[in-house]
Amino acid sequence: MKIIDRIHKSIEAIPAFPATGGKVAELLSQADYSLAQVANLIENDPSITANVLKMANAPYFGATHKISTMEEAVLYLGRENLLRAIQTAGISLYYQKGSPGYFDHASDFWKHSVAVALMSQILSKKITGDENAALYTAALLHDVGKIIVGEFVRNEMKKISMLVSQHMSFLDAEELVLGINHADVGGKIAEHWTFPIEIQEAISYHHRPDLLEKEDNILPWIVYMADEACLMMGIGSSVEGLTQQTVGASLKKFNLRMKDMERSMVMLSDDLNSARELISIIYS
Amino acid sequence: MKTSNDLKDVIITCALGSCIGVAVYDPVAGVGGLLHYMLPDSALDEKRAKENPAMFADTGIPLLFKSCYALGAQKKRMIVKAAGGASILEDTSFFRIGQKNIMAMRKIFWKNNVMITSEDTGGNYNRTVRLEMATGKMFIRTSGGPMKGL
């Protein structure tokens with residue numbers, strides 16, 4: 001079977017995304033509900049319960065004292081942060097095995113993903129004045145394609161390295177050698193999970209937002225800049241290193257200067273400290 | 001940033017990206033240190049530079065030297081090596097932090113009459129830097145590659 005067919009088959013084989021987040025969001029949007037109802041709904045999904053509780057204690061989510069029951073978590077986190085913690089725990093299930101081929105350790109892959117998610121929120125606040133939940137999900141998932149592509153990249157590394165040494169971007173080299181790149185594979189995984197189209201696009205175009213001919217979706221641009229910043233900061237470095245294309249139009253598009261980017265990097269190093277509980281849910 | 005006068009120590013900084021690792025070593029005093037800075041200029045955020053001077057070249061490099069002097073190192077004996085400052089591909093217009101970090105370091109060393117013994121900067125790859133206190137040897141590993149002496 002050709003590599004591209006094997007990749008498509010692997011995408012189809014990925015288990016469905018946990019429905020808990022959607023169910024909790026639905027319950028929270030109703031006129032009345034009890035803390036116990038919400039807590040029970042989360043605790044019905046044992047694959048995420050422990051990690052949601054752990055993350056509820058992150059200063060990043062506003063924790064000021066020890067939270068030890070799910071009801072407390074629901075009470076103190078608030079809607080947005082609770083949904084974010086559930087989303088993060090759900091996504092982490094797919095990152096447990098990491099992406100050998102790109103990353104030495106699953107924890108590096110996860111740390112990079114969380115850092116890009118945190119950075120996307122810093123940039124979103126700067127650009128739009130507000131955080132953005134869809135952007136957070138897209139940023140956390142931007143490299144999800146690597147959970148599948150890693151194995152093939154490892155096998156074809158010689159060919160890819162040769163192209164990269166001739167100044168081709170890692171993304172283009174993947175596409176040439178494997179028939180598809182990790183960003184497009186990620187977009188297809190998000191489609192398989194029936195995530196909204198704007199999230200699928202943000203993942204597919206996270207290295208080349210300039211190629212998406214849709215002015216109104218700013219998500220790919222912000223994920224792109226957040227990823228670029230984390231690559232420069234060396235957070236969770238992978239085999240690609242910094243061999244991705246610069247899209248110079250990104251700063252101009254939002255009237256940002258390089259200084260804004262540098263300030264955001266300083267803020268990110270603070271956020272990474274207060275979000276240790278999010279990073280530590282994958283430790284191998 | 002970490003400094004040491006313990007010969008058993010090995011100081012490591014991982015995945016430099018556009019950041020720069022500066023290693024210094026005084027073989028007579030057996031004192032050395034490794035700084036990992038992220039940005040060129042502390043004027044960006046002076047409050048932050050006070051809390052964490054190692055974040056910027058212009059506050060971090062003096063701190064590295066002063067901390068080594070405090071342990072008995074002398075400027076004239078110090079061996080200085082540097083690595084990092086990588087860039088994204090075709091990094092000509094905007095995301096020039098790697099280049100700016102390299103220039104900031106060179107400027108500071110030039111002004112203070114410090115010679116860099118050897119450096120491995122630029123390129124598009126990540127580096128991990130290791131300083132062995134017993135020998136003063138500095139090693140670099142690029143993503144996936146072997147450890148090499150600098």
# chains A, B, ... in the order shown; residues from 1 in each chain; ligands from 1
>>> interface_residues(of="chain B", to="chain A", cutoff="6 Å", atoms="only C-alpha atoms", output="list in words")
Ala15, Leu16, Gly17, Ser18, Ile88, Leu89, Asn124, Tyr125, Asn126 and Ser143 of chain B
>>> write_last_selection(atoms="N, CA and C atoms", output="JSON list (two decimals), in the first residue's frame")
[["chain", "number", "residue", "atom", "x", "y", "z"],
["B", 15, "ALA", "N", 17.59, 22.86, 23.91],
["B", 15, "ALA", "CA", 16.75, 23.42, 22.85],
["B", 15, "ALA", "C", 16.80, 24.94, 22.79],
["B", 16, "LEU", "N", 17.88, 25.46, 22.26],
["B", 16, "LEU", "CA", 18.06, 26.90, 22.27],
["B", 16, "LEU", "C", 17.18, 27.65, 21.26],
["B", 17, "GLY", "N", 16.87, 27.07, 20.12],
["B", 17, "GLY", "CA", 16.08, 27.82, 19.13],
["B", 17, "GLY", "C", 16.77, 29.12, 18.78],
["B", 18, "SER", "N", 16.02, 30.23, 18.84],
["B", 18, "SER", "CA", 16.61, 31.55, 18.56],
["B", 18, "SER", "C", 17.34, 32.12, 19.77],
["B", 88, "ILE", "N", 14.03, 31.06, 11.66],
["B", 88, "ILE", "CA", 13.07, 30.45, 10.76],
["B", 88, "ILE", "C", 13.58, 30.66, 9.33],
["B", 89, "LEU", "N", 13.21, 29.77, 8.40],
["B", 89, "LEU", "CA", 13.66, 29.88, 7.01],
["B", 89, "LEU", "C", 13.31, 31.24, 6.41],
["B", 124, "ASN", "N", 19.18, 26.95, 11.02],
["B", 124, "ASN", "CA", 17.74, 26.75, 11.24],
["B", 124, "ASN", "C", 17.45, 25.60, 12.19],
["B", 125, "TYR", "N", 18.42, 25.27, 13.04],
["B", 125, "TYR", "CA", 18.20, 24.10, 13.89],
["B", 125, "TYR", "C", 18.38, 24.41, 15.37],
["B", 126, "ASN", "N", 17.83, 23.52, 16.18],
["B", 126, "ASN", "CA", 17.94, 23.66, 17.63],
["B", 126, "ASN", "C", 19.26, 23.11, 18.13],
["B", 143, "SER", "N", 19.56, 18.89, 16.84],
["B", 143, "SER", "CA", 18.45, 17.94, 16.88],
["B", 143, "SER", "C", 18.80, 16.63, 16.17]]
>>> select_by_dssp(residues="chain B", states="strand (DSSP E)", output="PyMOL selection string")
chain B and resi 2-4+10-13+20-26+31-37+79-84+118-121+127-132+138-142+147-149
>>> residues_around(residues="B:Ser4", least_positions_apart="5", cutoff="12 Å", atoms="only C-alpha atoms", output="number ranges by chain")
B: 9-11, 23-26, 29-35, 64-65, 67-73, 131-134, 136
>>> closest_residue(among="A:Leu77, A:Glu72, A:Lys146, A:Val177", to="A:Lys159", atoms="only C-alpha atoms")
A:Val177
>>> closest_residue(among="B:Thr128, B:Ile108, B:Ile20, B:Ala82", to="B:Pro62", atoms="only C-alpha atoms")
B:Ile108
>>> select_by_dssp(residues="stretch 78-133 of chain A", states="helix (DSSP H, G or I)", output="JSON, numbers by chain")
{"A": [78, 79, 80, 81, 82, 83, 84, 85, 86, 87, 88, 89, 90, 91, 92, 93, 94, 95, 106, 107, 108, 109, 110, 111, 112, 113, 114, 115, 116, 117, 118, 119, 120, 121, 122, 123, 124, 125, 126, 127, 128, 133]}
>>> residues_around(residues="A:Glu80", least_positions_apart="6", cutoff="10 Å", atoms="only C-alpha atoms", output="MDAnalysis selection string")
chainID A and resid 25 61 131:133
>>> write_last_selection(atoms="N, CA and C atoms", output="mmCIF file, in the first residue's frame")
data_model
loop_
_atom_site.group_PDB
_atom_site.id
_atom_site.type_symbol
_atom_site.label_atom_id
_atom_site.label_comp_id
_atom_site.auth_asym_id
_atom_site.auth_seq_id
_atom_site.Cartn_x
_atom_site.Cartn_y
_atom_site.Cartn_z
ATOM 1 N N ALA A 25 -20.881 21.573 27.851
ATOM 2 C CA ALA A 25 -21.206 22.887 27.294
ATOM 3 C C ALA A 25 -22.723 23.031 27.153
ATOM 4 N N PHE A 61 -5.583 28.909 35.455
ATOM 5 C CA PHE A 61 -7.047 28.932 35.452
ATOM 6 C C PHE A 61 -7.592 29.685 36.665
ATOM 7 N N GLU A 131 -9.901 36.545 24.640
ATOM 8 C CA GLU A 131 -9.462 35.173 24.400
ATOM 9 C C GLU A 131 -10.443 34.512 23.434
ATOM 10 N N ASN A 132 -10.090 33.313 22.949
ATOM 11 C CA ASN A 132 -10.922 32.685 21.928
ATOM 12 C C ASN A 132 -10.827 31.169 22.082
ATOM 13 N N ALA A 133 -11.967 30.550 22.467
ATOM 14 C CA ALA A 133 -11.969 29.120 22.790
ATOM 15 C C ALA A 133 -11.666 28.249 21.571
#
>>> residues_around(residues="stretch 95-100 of chain B", least_positions_apart="3", cutoff="6 Å", atoms="only C-alpha atoms", output="MDAnalysis selection string")
chainID B and resid 18 85:87 103
>>> write_last_selection(atoms="N, CA and C atoms", output="PDB file, in the first residue's frame")
ATOM      1  N   SER B  18      16.019  30.233  18.835  1.00  0.00           N
ATOM      2  CA  SER B  18      16.605  31.550  18.555  1.00  0.00           C
ATOM      3  C   SER B  18      17.340  32.119  19.766  1.00  0.00           C
ATOM      4  N   GLY B  85      20.859  31.120  18.473  1.00  0.00           N
ATOM      5  CA  GLY B  85      20.507  32.194  17.552  1.00  0.00           C
ATOM      6  C   GLY B  85      20.005  31.702  16.206  1.00  0.00           C
ATOM      7  N   ALA B  86      19.322  30.559  16.208  1.00  0.00           N
ATOM      8  CA  ALA B  86      18.793  30.022  14.951  1.00  0.00           C
ATOM      9  C   ALA B  86      17.608  30.855  14.467  1.00  0.00           C
ATOM     10  N   SER B  87      17.299  30.707  13.190  1.00  0.00           N
ATOM     11  CA  SER B  87      16.193  31.469  12.598  1.00  0.00           C
ATOM     12  C   SER B  87      15.257  30.568  11.805  1.00  0.00           C
ATOM     13  N   MET B 103      23.667  39.581  17.225  1.00  0.00           N
ATOM     14  CA  MET B 103      24.247  40.924  17.132  1.00  0.00           C
ATOM     15  C   MET B 103      24.386  41.569  18.513  1.00  0.00           C
TER      16      MET B 103
END
>>> atom_distance(atom1="atom CA of A:Asn57", atom2="atom CA of B:Lys47")
27.5 Å
>>> atom_distance(atom1="atom CA of A:Glu71", atom2="atom CA of A:Val52")
11.5 Å
>>> residues_around(residues="A:Val116", least_positions_apart="4", cutoff="10 Å", atoms="only C-alpha atoms", output="ChimeraX atom specification")
/A:110-112,120-122,136,138-143,222-231,235,268
>>> residues_around(residues="stretch 82-87 of chain A", least_positions_apart="5", cutoff="10 Å", atoms="only C-alpha atoms", output="MDAnalysis selection string")
chainID A and resid 17:22 24:25 28 42 48:49 51:56 58 61 73:77 92 133:134 136:137 140 278
